[in-house]
Amino acid sequence: MYGKCAQMDDARRVFDDMLHRDSVSWNSLIAGYSENGFSSLALEVFSQMRDISLQPNEYTLASILEVVSNSNSVIQAMQIHLHMIKCGFMFNDSMVSCLIKTYGKCHGIDEAKEIFSEIDKINVVHCNAMATAFVYAGCHADALNLFYTSRSSYLEVDRTIFSIVLKACGAMTDLVQGRAVHSLCLKFGFDQDIFVESTIIDMYCKCGSIGDAQKAFRNTSKDNLAAWNAMIMGYAQHGCFHEVSEVFEKMCQSGIEPDEITFLGVLTSCCHAGLVREANDYLNSMFELHGVIPHLEHYACMVDLLGRVGLLEDAKRTIEQMPIHPDAHIWQILLSACNIHGNVILGNVAARKLLELQPENESAYLLLSNLYASAGMWSDVGKLRKQMKEKVVHKEPGSSWIQVGGSIHYFFAGDMSHPESKEIYMELIKLYTCMIRC
């Protein structure tokens with residue numbers, strides 16, 4: 001009960017006062033910590049459970065896999081994998097599927113593929129898990145290929161696989177494949193499913209086809225909050241504030257209560273449009289009018305907006321006054337804004353806070369280095385570069401991709417591995433020159 005109500009101190013107190021603790025009580029405490037975001041405490045309790053030689057069951061491992069998924073630690077995923085083998089859970093379809101998805105989320109896609117390849121009788125649950133792992137790992141084309149392979153093998157398809165594959169199409173901005181999968185949704189009768197409906201809208205928005213998204217939205221059931229949110233987020237991504245505001249008003253008039261995702265879309269649209277007053281009004285109305293508690297993402301939108309328009313002190317004040325402990329991401333947003341507007345003093349504050357939370361964050365060093373360079377502080381640039389070398393901080397090369405003739409081509413900054421790389425770079429220089437002239 002206490003875990004469901006997010007009262008974990010009380011839950012722990014009751015647990016500690018128990019004279020006899022069975023697997024149910026241990027599982028309840030682990031699940032409570034997992035569901036309320038206390039990952040390290042969940043892992044600590046799991047370790048204590050093993051210390052007293054109490055065997056974890058499938059409920060224990062399901063909670064721990066959720067924790068490990070959020071930690072992005074492939075080593076921890078491997079440790080839980082080992083426990084599953086020892087406890088004989090590798091024959092449990094549900095547990096194996098959870099493990100595959102966990103590996104996908106923890107950058108262990110090769111491990112996920114190996115487990116999948118060793119399954120004797122692959123079913124729809126396994127396929128859904130593998131497709132999800134591919135999407136988590138950014139291997140969207142692989143998710144699409146798995147979907148078509150499953151269909152050619154006459155495996156059952158369900159709403160879950162359609163939602164996953166539509167997300168993959170959206171991530172690749174592959175409108176052709178997205179429309180093809182949408183057609184299959186119509187054929188199999190999943191287009192009216194509340195989960196698939198919203199994913200169709202989201203896919204079209206991500207592919208830049210707002211017209212198709214609007215058409216799909218008009219055909220959805222009007223009590224589907226996810227569909228409203230998908231349309232709002234789609235408009236927000238395309239900088240259509242007036243459309244976002246209009247859909248939000250229609251939604252409220254229809255008796256649909258907005259949630260945290262709704263407001264994230266609305267605040268994102270305000271951010272893109274530079275509308276500070278409107279964003280403040282929406283943020284304040286979240287709890288006052290709708291009973292929705294603002295999360296870190298909502299405050300991050302507000303900080304991003306204030307930073308974009310140059311109100312850096314207001315952005316810092318928002319971070320300091322928000323009722324949630326700031327994470328590294330929100331300090332990085334402020335540091336980026338300081339870099340754009342040349343505020344060295346505030347940039348130093350943001351960088352220090354960011355590096356306290358993420359000492360190996362290469363973006364912090366690079367943003368601060370650029371800020372110092374733009375201010376002519378070359379000695380500070382040198383000191384920072386020296387720190388980066390001492391800490392062995394490396395910048396990950398930027399990357400992008402494009403689809404041409406049905407094939408996806410990947411590009412990395414500074415990559416000269418292509419046999420015609422010189423010709424490619426010369427062509428890019430020509431295009432860049434033309435763009436400058438225009």
# chains A, B, ... in the order shown; residues from 1 in each chain; ligands from 1
$ residues_around --residues "A:Pro323" --least-positions-apart "2" --cutoff "10 Å" --atoms "only C-alpha atoms" --output "ChimeraX atom specification"
/A:294-296,299,318-321,325-326
$ residues_around --residues "stretch 232-235 of chain A" --least-positions-apart "4" --cutoff "10 Å" --atoms "only C-alpha atoms" --output "PyMOL selection string"
chain A and resi 201-210+213-214+226-228+239-248+261-269
$ write_last_selection --atoms "N, CA and C atoms" --output "mmCIF file, in the first residue's frame"
data_model
loop_
_atom_site.group_PDB
_atom_site.id
_atom_site.type_symbol
_atom_site.label_atom_id
_atom_site.label_comp_id
_atom_site.auth_asym_id
_atom_site.auth_seq_id
_atom_site.Cartn_x
_atom_site.Cartn_y
_atom_site.Cartn_z
ATOM 1 N N ILE A 201 -0.726 8.607 -35.659
ATOM 2 C CA ILE A 201 -0.643 10.077 -35.691
ATOM 3 C C ILE A 201 0.791 10.528 -35.450
ATOM 4 N N ASP A 202 1.415 9.941 -34.432
ATOM 5 C CA ASP A 202 2.791 10.297 -34.082
ATOM 6 C C ASP A 202 3.748 10.006 -35.234
ATOM 7 N N MET A 203 3.554 8.871 -35.901
ATOM 8 C CA MET A 203 4.423 8.495 -37.014
ATOM 9 C C MET A 203 4.327 9.511 -38.140
ATOM 10 N N TYR A 204 3.097 9.892 -38.505
ATOM 11 C CA TYR A 204 2.929 10.850 -39.597
ATOM 12 C C TYR A 204 3.532 12.211 -39.241
ATOM 13 N N CYS A 205 3.374 12.622 -37.991
ATOM 14 C CA CYS A 205 3.959 13.901 -37.559
ATOM 15 C C CYS A 205 5.480 13.861 -37.653
ATOM 16 N N LYS A 206 6.072 12.772 -37.194
ATOM 17 C CA LYS A 206 7.537 12.648 -37.239
ATOM 18 C C LYS A 206 8.049 12.570 -38.676
ATOM 19 N N CYS A 207 7.218 12.051 -39.574
ATOM 20 C CA CYS A 207 7.601 11.973 -40.990
ATOM 21 C C CYS A 207 7.309 13.274 -41.730
ATOM 22 N N GLY A 208 6.805 14.268 -41.026
ATOM 23 C CA GLY A 208 6.552 15.576 -41.626
ATOM 24 C C GLY A 208 5.259 15.688 -42.399
ATOM 25 N N SER A 209 4.392 14.674 -42.298
ATOM 26 C CA SER A 209 3.127 14.694 -43.038
ATOM 27 C C SER A 209 1.979 15.055 -42.096
ATOM 28 N N ILE A 210 1.878 16.342 -41.783
ATOM 29 C CA ILE A 210 0.846 16.810 -40.858
ATOM 30 C C ILE A 210 -0.547 16.543 -41.416
ATOM 31 N N ALA A 213 -1.505 13.115 -40.625
ATOM 32 C CA ALA A 213 -1.734 13.033 -39.176
ATOM 33 C C ALA A 213 -3.111 13.590 -38.821
ATOM 34 N N GLN A 214 -3.465 14.720 -39.441
ATOM 35 C CA GLN A 214 -4.779 15.323 -39.188
ATOM 36 C C GLN A 214 -5.904 14.387 -39.631
ATOM 37 N N ALA A 226 -4.468 9.648 -25.592
ATOM 38 C CA ALA A 226 -3.184 9.456 -26.278
ATOM 39 C C ALA A 226 -3.207 10.051 -27.684
ATOM 40 N N ALA A 227 -4.353 9.961 -28.376
ATOM 41 C CA ALA A 227 -4.473 10.522 -29.728
ATOM 42 C C ALA A 227 -4.419 12.051 -29.681
ATOM 43 N N TRP A 228 -5.116 12.649 -28.710
ATOM 44 C CA TRP A 228 -5.055 14.107 -28.526
ATOM 45 C C TRP A 228 -3.611 14.539 -28.270
ATOM 46 N N GLY A 239 6.337 23.501 -34.682
ATOM 47 C CA GLY A 239 6.264 24.921 -34.353
ATOM 48 C C GLY A 239 4.912 25.564 -34.587
ATOM 49 N N CYS A 240 3.843 24.773 -34.542
ATOM 50 C CA CYS A 240 2.488 25.291 -34.808
ATOM 51 C C CYS A 240 1.779 25.611 -33.487
ATOM 52 N N PHE A 241 2.141 26.735 -32.859
ATOM 53 C CA PHE A 241 1.586 27.047 -31.538
ATOM 54 C C PHE A 241 0.078 27.257 -31.585
ATOM 55 N N HIS A 242 -0.410 27.992 -32.588
ATOM 56 C CA HIS A 242 -1.853 28.281 -32.656
ATOM 57 C C HIS A 242 -2.659 26.994 -32.790
ATOM 58 N N GLU A 243 -2.168 26.050 -33.568
ATOM 59 C CA GLU A 243 -2.858 24.767 -33.714
ATOM 60 C C GLU A 243 -2.833 23.981 -32.402
ATOM 61 N N VAL A 244 -1.695 24.045 -31.704
ATOM 62 C CA VAL A 244 -1.589 23.379 -30.400
ATOM 63 C C VAL A 244 -2.611 23.953 -29.435
ATOM 64 N N SER A 245 -2.668 25.273 -29.378
ATOM 65 C CA SER A 245 -3.603 25.954 -28.478
ATOM 66 C C SER A 245 -5.051 25.604 -28.817
ATOM 67 N N GLU A 246 -5.336 25.533 -30.114
ATOM 68 C CA GLU A 246 -6.694 25.218 -30.572
ATOM 69 C C GLU A 246 -7.093 23.791 -30.193
ATOM 70 N N VAL A 247 -6.184 22.825 -30.425
ATOM 71 C CA VAL A 247 -6.469 21.426 -30.085
ATOM 72 C C VAL A 247 -6.616 21.271 -28.575
ATOM 73 N N PHE A 248 -5.781 21.979 -27.816
ATOM 74 C CA PHE A 248 -5.853 21.913 -26.351
ATOM 75 C C PHE A 248 -7.216 22.398 -25.854
ATOM 76 N N ILE A 261 1.769 14.665 -20.289
ATOM 77 C CA ILE A 261 2.243 14.627 -21.677
ATOM 78 C C ILE A 261 1.605 15.758 -22.483
ATOM 79 N N THR A 262 0.323 16.008 -22.228
ATOM 80 C CA THR A 262 -0.373 17.114 -22.897
ATOM 81 C C THR A 262 0.365 18.421 -22.656
ATOM 82 N N PHE A 263 0.666 18.678 -21.389
ATOM 83 C CA PHE A 263 1.320 19.943 -21.042
ATOM 84 C C PHE A 263 2.754 20.006 -21.550
ATOM 85 N N LEU A 264 3.403 18.869 -21.664
ATOM 86 C CA LEU A 264 4.753 18.859 -22.230
ATOM 87 C C LEU A 264 4.707 19.318 -23.687
ATOM 88 N N GLY A 265 3.694 18.857 -24.425
ATOM 89 C CA GLY A 265 3.521 19.292 -25.805
ATOM 90 C C GLY A 265 3.212 20.772 -25.908
ATOM 91 N N VAL A 266 2.332 21.250 -25.037
ATOM 92 C CA VAL A 266 1.949 22.664 -25.047
ATOM 93 C C VAL A 266 3.151 23.546 -24.711
ATOM 94 N N LEU A 267 3.907 23.168 -23.685
ATOM 95 C CA LEU A 267 5.080 23.952 -23.284
ATOM 96 C C LEU A 267 6.172 23.907 -24.351
ATOM 97 N N THR A 268 6.300 22.771 -25.024
ATOM 98 C CA THR A 268 7.275 22.656 -26.118
ATOM 99 C C THR A 268 6.934 23.625 -27.242
ATOM 100 N N SER A 269 5.642 23.744 -27.553
ATOM 101 C CA SER A 269 5.222 24.670 -28.615
ATOM 102 C C SER A 269 5.481 26.116 -28.204
#
$ atom_distance --atom1 "atom CA of A:Met231" --atom2 "atom CA of A:Ser198"
8.1 Å
$ closest_residue --among "A:Glu257, A:Phe89, A:His140, A:Glu58" --to "A:Phe287" --atoms "only C-alpha atoms"
A:Glu257
$ residues_around --residues "A:Val381" --least-positions-apart "4" --cutoff "10 Å" --atoms "only C-alpha atoms" --output "number ranges by chain"
A: 365-366, 368-373, 376-377, 385-387
$ write_last_selection --atoms "C-alpha atoms" --output "CSV table (one decimal), in the first residue's frame"
chain,number,residue,atom,x,y,z
A,365,TYR,CA,33.6,20.7,-21.3
A,366,LEU,CA,33.0,21.5,-25.0
A,368,LEU,CA,32.3,25.8,-21.6
A,369,SER,CA,35.4,25.7,-23.9
A,370,ASN,CA,33.4,27.4,-26.7
A,371,LEU,CA,32.1,30.0,-24.2
A,372,TYR,CA,35.6,30.9,-23.1
A,373,ALA,CA,36.8,31.0,-26.6
A,376,GLY,CA,38.7,35.6,-25.7
A,377,MET,CA,39.6,33.7,-22.5
A,385,ARG,CA,41.5,21.2,-22.7
A,386,LYS,CA,44.1,19.9,-20.3
A,387,GLN,CA,41.4,18.8,-17.8
$ residues_around --residues "A:Ser69" --least-positions-apart "5" --cutoff "7 Å" --atoms "only C-alpha atoms" --output "JSON, numbers by chain"
{"A": [102, 105, 106]}
$ residues_around --residues "A:Ala328" --least-positions-apart "3" --cutoff "6 Å" --atoms "only C-alpha atoms" --output "list in words"
Trp331, Leu354 and Leu357 of chain A
$ write_last_selection --atoms "N, CA and C atoms" --output "mmCIF file, in the first residue's frame"
data_model
loop_
_atom_site.group_PDB
_atom_site.id
_atom_site.type_symbol
_atom_site.label_atom_id
_atom_site.label_comp_id
_atom_site.auth_asym_id
_atom_site.auth_seq_id
_atom_site.Cartn_x
_atom_site.Cartn_y
_atom_site.Cartn_z
ATOM 1 N N TRP A 331 20.736 21.488 -16.220
ATOM 2 C CA TRP A 331 21.903 22.374 -16.127
ATOM 3 C C TRP A 331 22.586 22.498 -17.488
ATOM 4 N N LEU A 354 26.621 20.888 -13.531
ATOM 5 C CA LEU A 354 26.502 19.764 -14.467
ATOM 6 C C LEU A 354 27.593 18.724 -14.220
ATOM 7 N N LEU A 357 27.230 16.420 -11.260
ATOM 8 C CA LEU A 357 26.305 15.309 -11.486
ATOM 9 C C LEU A 357 26.844 14.312 -12.507
#
$ closest_residue --among "A:Val292, A:Ala62, A:Val67, A:Leu283" --to "A:Ala42" --atoms "only C-alpha atoms"
A:Val67
$ atom_distance --atom1 "atom CA of A:Gly189" --atom2 "atom CA of A:Ser97"
25.4 Å
$ select_by_dssp --residues "stretch 277-407 of chain A" --states "strand (DSSP E or B)" --output "list of chain:residue names"
A:Ser399, A:Ser400, A:Trp401, A:Ile402, A:Gln403, A:Val404, A:Ser407
$ closest_residue --among "A:Gln253, A:Ser374, A:Ser336, A:Thr199" --to "A:Asn229" --atoms "only C-alpha atoms"
A:Thr199
$ residues_around --residues "A:Ser221" --least-positions-apart "6" --cutoff "9 Å" --atoms "only C-alpha atoms" --output "list in words"
Gln192, Ile194, Glu197 and Ala227 of chain A
$ select_by_dssp --residues "stretch 11-180 of chain A" --states "alpha helix (DSSP H)" --output "PyMOL selection string"
chain A and resi 11-17+23-35+39-51+58-71+74-87+93-105+109-117+124-136+140-152+159-171+175-180
$ atom_distance --atom1 "atom CA of A:Phe46" --atom2 "atom CA of A:Ala129"
24.5 Å
$ closest_residue --among "A:Gln237, A:Ser254, A:Ser28, A:Ser152" --to "A:Cys270" --atoms "only C-alpha atoms"
A:Gln237
$ residues_around --residues "stretch 169-172 of chain A" --least-positions-apart "4" --cutoff "12 Å" --atoms "only C-alpha atoms" --output "PDB file with N, CA and C atoms, in the first residue's frame"
ATOM      1  N   PHE A 134      15.204  -3.549 -30.565  1.00  0.00           N
ATOM      2  CA  PHE A 134      15.784  -2.863 -31.722  1.00  0.00           C
ATOM      3  C   PHE A 134      15.478  -1.366 -31.675  1.00  0.00           C
ATOM      4  N   VAL A 135      14.239  -1.021 -31.348  1.00  0.00           N
ATOM      5  CA  VAL A 135      13.847   0.391 -31.288  1.00  0.00           C
ATOM      6  C   VAL A 135      14.591   1.104 -30.166  1.00  0.00           C
ATOM      7  N   TYR A 136      14.683   0.472 -28.991  1.00  0.00           N
ATOM      8  CA  TYR A 136      15.442   1.050 -27.876  1.00  0.00           C
ATOM      9  C   TYR A 136      16.885   1.336 -28.292  1.00  0.00           C
ATOM     10  N   ALA A 137      17.462   0.401 -29.047  1.00  0.00           N
ATOM     11  CA  ALA A 137      18.875   0.510 -29.439  1.00  0.00           C
ATOM     12  C   ALA A 137      19.083   1.401 -30.661  1.00  0.00           C
ATOM     13  N   GLY A 138      17.991   1.926 -31.222  1.00  0.00           N
ATOM     14  CA  GLY A 138      18.107   2.774 -32.404  1.00  0.00           C
ATOM     15  C   GLY A 138      18.250   2.007 -33.702  1.00  0.00           C
ATOM     16  N   CYS A 139      18.042   0.682 -33.652  1.00  0.00           N
ATOM     17  CA  CYS A 139      18.142  -0.159 -34.861  1.00  0.00           C
ATOM     18  C   CYS A 139      16.758  -0.280 -35.501  1.00  0.00           C
ATOM     19  N   HIS A 140      16.241   0.838 -35.977  1.00  0.00           N
ATOM     20  CA  HIS A 140      14.851   0.883 -36.433  1.00  0.00           C
ATOM     21  C   HIS A 140      14.615   0.048 -37.690  1.00  0.00           C
ATOM     22  N   ALA A 141      15.587   0.043 -38.592  1.00  0.00           N
ATOM     23  CA  ALA A 141      15.443  -0.763 -39.815  1.00  0.00           C
ATOM     24  C   ALA A 141      15.375  -2.249 -39.473  1.00  0.00           C
ATOM     25  N   ASP A 142      16.116  -2.657 -38.437  1.00  0.00           N
ATOM     26  CA  ASP A 142      16.080  -4.063 -38.006  1.00  0.00           C
ATOM     27  C   ASP A 142      14.706  -4.433 -37.457  1.00  0.00           C
ATOM     28  N   ALA A 143      14.087  -3.488 -36.745  1.00  0.00           N
ATOM     29  CA  ALA A 143      12.736  -3.733 -36.218  1.00  0.00           C
ATOM     30  C   ALA A 143      11.751  -3.943 -37.360  1.00  0.00           C
ATOM     31  N   LEU A 144      11.901  -3.126 -38.398  1.00  0.00           N
ATOM     32  CA  LEU A 144      11.019  -3.236 -39.568  1.00  0.00           C
ATOM     33  C   LEU A 144      11.253  -4.560 -40.303  1.00  0.00           C
ATOM     34  N   ASN A 145      12.508  -4.936 -40.452  1.00  0.00           N
ATOM     35  CA  ASN A 145      12.835  -6.211 -41.116  1.00  0.00           C
ATOM     36  C   ASN A 145      12.280  -7.402 -40.339  1.00  0.00           C
ATOM     37  N   PHE A 147       9.661  -7.398 -38.457  1.00  0.00           N
ATOM     38  CA  PHE A 147       8.209  -7.396 -38.652  1.00  0.00           C
ATOM     39  C   PHE A 147       7.838  -8.107 -39.953  1.00  0.00           C
ATOM     40  N   PHE A 162       2.524  -3.667 -34.197  1.00  0.00           N
ATOM     41  CA  PHE A 162       2.212  -2.544 -35.082  1.00  0.00           C
ATOM     42  C   PHE A 162       2.641  -1.219 -34.452  1.00  0.00           C
ATOM     43  N   SER A 163       2.393  -1.059 -33.153  1.00  0.00           N
ATOM     44  CA  SER A 163       2.807   0.166 -32.462  1.00  0.00           C
ATOM     45  C   SER A 163       4.317   0.335 -32.512  1.00  0.00           C
ATOM     46  N   ILE A 164       5.037  -0.763 -32.286  1.00  0.00           N
ATOM     47  CA  ILE A 164       6.508  -0.725 -32.286  1.00  0.00           C
ATOM     48  C   ILE A 164       7.040  -0.343 -33.668  1.00  0.00           C
ATOM     49  N   VAL A 165       6.505  -0.990 -34.703  1.00  0.00           N
ATOM     50  CA  VAL A 165       7.005  -0.763 -36.061  1.00  0.00           C
ATOM     51  C   VAL A 165       6.646   0.638 -36.551  1.00  0.00           C
ATOM     52  N   VAL A 176       7.141   6.372 -46.602  1.00  0.00           N
ATOM     53  CA  VAL A 176       6.688   5.284 -47.489  1.00  0.00           C
ATOM     54  C   VAL A 176       6.390   4.026 -46.686  1.00  0.00           C
ATOM     55  N   GLN A 177       7.340   3.619 -45.844  1.00  0.00           N
ATOM     56  CA  GLN A 177       7.132   2.431 -45.016  1.00  0.00           C
ATOM     57  C   GLN A 177       6.033   2.671 -43.988  1.00  0.00           C
ATOM     58  N   GLY A 178       5.964   3.888 -43.467  1.00  0.00           N
ATOM     59  CA  GLY A 178       4.921   4.218 -42.494  1.00  0.00           C
ATOM     60  C   GLY A 178       3.532   4.042 -43.073  1.00  0.00           C
ATOM     61  N   ARG A 179       3.355   4.513 -44.308  1.00  0.00           N
ATOM     62  CA  ARG A 179       2.055   4.352 -44.976  1.00  0.00           C
ATOM     63  C   ARG A 179       1.757   2.877 -45.254  1.00  0.00           C
ATOM     64  N   ALA A 180       2.799   2.123 -45.592  1.00  0.00           N
ATOM     65  CA  ALA A 180       2.615   0.691 -45.862  1.00  0.00           C
ATOM     66  C   ALA A 180       2.164  -0.041 -44.600  1.00  0.00           C
ATOM     67  N   VAL A 181       2.794   0.287 -43.465  1.00  0.00           N
ATOM     68  CA  VAL A 181       2.420  -0.351 -42.194  1.00  0.00           C
ATOM     69  C   VAL A 181       1.023   0.093 -41.772  1.00  0.00           C
ATOM     70  N   HIS A 182       0.694   1.364 -42.024  1.00  0.00           N
ATOM     71  CA  HIS A 182      -0.654   1.864 -41.728  1.00  0.00           C
ATOM     72  C   HIS A 182      -1.694   1.081 -42.532  1.00  0.00           C
ATOM     73  N   THR A 199      -0.195   6.074 -32.202  1.00  0.00           N
ATOM     74  CA  THR A 199       1.110   5.826 -32.825  1.00  0.00           C
ATOM     75  C   THR A 199       1.087   6.184 -34.303  1.00  0.00           C
ATOM     76  N   ILE A 200      -0.050   5.972 -34.967  1.00  0.00           N
ATOM     77  CA  ILE A 200      -0.193   6.353 -36.381  1.00  0.00           C
ATOM     78  C   ILE A 200      -0.042   7.866 -36.522  1.00  0.00           C
ATOM     79  N   ILE A 201      -0.726   8.607 -35.659  1.00  0.00           N
ATOM     80  CA  ILE A 201      -0.643  10.077 -35.691  1.00  0.00           C
ATOM     81  C   ILE A 201       0.791  10.528 -35.450  1.00  0.00           C
ATOM     82  N   ASP A 202       1.415   9.941 -34.432  1.00  0.00           N
ATOM     83  CA  ASP A 202       2.791  10.297 -34.082  1.00  0.00           C
ATOM     84  C   ASP A 202       3.748  10.006 -35.234  1.00  0.00           C
ATOM     85  N   MET A 203       3.554   8.871 -35.901  1.00  0.00           N
ATOM     86  CA  MET A 203       4.423   8.495 -37.014  1.00  0.00           C
ATOM     87  C   MET A 203       4.327   9.511 -38.140  1.00  0.00           C
ATOM     88  N   TYR A 204       3.097   9.892 -38.505  1.00  0.00           N
ATOM     89  CA  TYR A 204       2.929  10.850 -39.597  1.00  0.00           C
ATOM     90  C   TYR A 204       3.532  12.211 -39.241  1.00  0.00           C
ATOM     91  N   CYS A 205       3.374  12.622 -37.991  1.00  0.00           N
ATOM     92  CA  CYS A 205       3.959  13.901 -37.559  1.00  0.00           C
ATOM     93  C   CYS A 205       5.480  13.861 -37.653  1.00  0.00           C
ATOM     94  N   LYS A 206       6.072  12.772 -37.194  1.00  0.00           N
ATOM     95  CA  LYS A 206       7.537  12.648 -37.239  1.00  0.00           C
ATOM     96  C   LYS A 206       8.049  12.570 -38.676  1.00  0.00           C
ATOM     97  N   CYS A 207       7.218  12.051 -39.574  1.00  0.00           N
ATOM     98  CA  CYS A 207       7.601  11.973 -40.990  1.00  0.00           C
ATOM     99  C   CYS A 207       7.309  13.274 -41.730  1.00  0.00           C
ATOM    100  N   GLY A 208       6.805  14.268 -41.026  1.00  0.00           N
ATOM    101  CA  GLY A 208       6.552  15.576 -41.626  1.00  0.00           C
ATOM    102  C   GLY A 208       5.259  15.688 -42.399  1.00  0.00           C
ATOM    103  N   SER A 209       4.392  14.674 -42.298  1.00  0.00           N
ATOM    104  CA  SER A 209       3.127  14.694 -43.038  1.00  0.00           C
ATOM    105  C   SER A 209       1.979  15.055 -42.096  1.00  0.00           C
ATOM    106  N   ALA A 213      -1.505  13.115 -40.625  1.00  0.00           N
ATOM    107  CA  ALA A 213      -1.734  13.033 -39.176  1.00  0.00           C
ATOM    108  C   ALA A 213      -3.111  13.590 -38.821  1.00  0.00           C
ATOM    109  N   GLY A 234       2.717  16.560 -32.115  1.00  0.00           N
ATOM    110  CA  GLY A 234       3.074  16.697 -33.524  1.00  0.00           C
ATOM    111  C   GLY A 234       3.085  18.146 -33.967  1.00  0.00           C
ATOM    112  N   SER A 400      24.483  11.398 -38.669  1.00  0.00           N
ATOM    113  CA  SER A 400      23.161  11.596 -39.266  1.00  0.00           C
ATOM    114  C   SER A 400      22.962  10.490 -40.292  1.00  0.00           C
ATOM    115  N   TRP A 401      21.744  10.403 -40.806  1.00  0.00           N
ATOM    116  CA  TRP A 401      21.488   9.389 -41.833  1.00  0.00           C
ATOM    117  C   TRP A 401      20.441   9.904 -42.804  1.00  0.00           C
ATOM    118  N   ILE A 402      20.432   9.296 -43.974  1.00  0.00           N
ATOM    119  CA  ILE A 402      19.467   9.679 -45.005  1.00  0.00           C
ATOM    120  C   ILE A 402      19.057   8.419 -45.757  1.00  0.00           C
ATOM    121  N   GLN A 403      17.803   8.399 -46.204  1.00  0.00           N
ATOM    122  CA  GLN A 403      17.320   7.249 -46.963  1.00  0.00           C
ATOM    123  C   GLN A 403      17.268   7.618 -48.440  1.00  0.00           C
ATOM    124  N   GLY A 406      15.486   3.474 -50.948  1.00  0.00           N
ATOM    125  CA  GLY A 406      15.148   2.363 -50.061  1.00  0.00           C
ATOM    126  C   GLY A 406      16.276   1.913 -49.158  1.00  0.00           C
ATOM    127  N   SER A 407      17.481   2.505 -49.303  1.00  0.00           N
ATOM    128  CA  SER A 407      18.621   2.147 -48.452  1.00  0.00           C
ATOM    129  C   SER A 407      18.952   3.309 -47.525  1.00  0.00           C
ATOM    130  N   ILE A 408      19.364   2.977 -46.303  1.00  0.00           N
ATOM    131  CA  ILE A 408      19.728   4.000 -45.329  1.00  0.00           C
ATOM    132  C   ILE A 408      21.240   4.159 -45.322  1.00  0.00           C
ATOM    133  N   HIS A 409      21.713   5.406 -45.472  1.00  0.00           N
ATOM    134  CA  HIS A 409      23.145   5.708 -45.488  1.00  0.00           C
ATOM    135  C   HIS A 409      23.482   6.535 -44.250  1.00  0.00           C
ATOM    136  N   TYR A 410      24.497   6.097 -43.499  1.00  0.00           N
ATOM    137  CA  TYR A 410      24.898   6.758 -42.260  1.00  0.00           C
ATOM    138  C   TYR A 410      26.141   7.616 -42.502  1.00  0.00           C
TER     139      TYR A 410
END
$ decode --residues "stretch 275-311 of chain A" --atoms "C-alpha atoms" --output "short mmCIF file (atom, residue, chain, number, x, y, z; two decimals), in the first residue's frame"
data_model
loop_
_atom_site.label_atom_id
_atom_site.label_comp_id
_atom_site.auth_asym_id
_atom_site.auth_seq_id
_atom_site.Cartn_x
_atom_site.Cartn_y
_atom_site.Cartn_z
CA LEU A 275 6.12 32.71 -25.83
CA VAL A 276 7.20 33.27 -22.21
CA ARG A 277 3.94 34.64 -20.79
CA GLU A 278 1.82 31.91 -22.35
CA ALA A 279 4.22 29.21 -21.11
CA ASN A 280 4.06 30.60 -17.58
CA ASP A 281 0.27 30.60 -17.71
CA TYR A 282 0.15 26.97 -18.85
CA LEU A 283 2.74 25.88 -16.27
CA ASN A 284 0.83 27.56 -13.44
CA SER A 285 -2.49 26.11 -14.63
CA MET A 286 -1.20 22.53 -14.56
CA PHE A 287 -1.87 21.91 -10.89
CA GLU A 288 -4.15 24.86 -10.12
CA LEU A 289 -6.76 24.05 -12.79
CA HIS A 290 -6.11 20.43 -13.76
CA GLY A 291 -4.42 18.80 -10.76
CA VAL A 292 -1.39 17.75 -12.83
CA ILE A 293 1.92 17.94 -10.96
CA PRO A 294 4.71 19.43 -13.11
CA HIS A 295 7.66 17.09 -13.66
CA LEU A 296 11.29 17.86 -14.40
CA GLU A 297 10.60 17.80 -18.16
CA HIS A 298 8.09 20.65 -17.82
CA TYR A 299 10.56 22.83 -15.91
CA ALA A 300 13.25 21.91 -18.46
CA CYS A 301 10.98 23.29 -21.22
CA MET A 302 10.57 26.50 -19.24
CA VAL A 303 14.32 26.84 -18.67
CA ASP A 304 14.95 26.18 -22.38
CA LEU A 305 12.44 28.85 -23.35
CA LEU A 306 13.87 31.46 -20.97
CA GLY A 307 17.36 30.62 -22.18
CA ARG A 308 16.38 30.96 -25.84
CA VAL A 309 14.99 34.48 -25.33
CA GLY A 310 18.00 35.55 -23.25
CA LEU A 311 16.35 35.65 -19.81
#
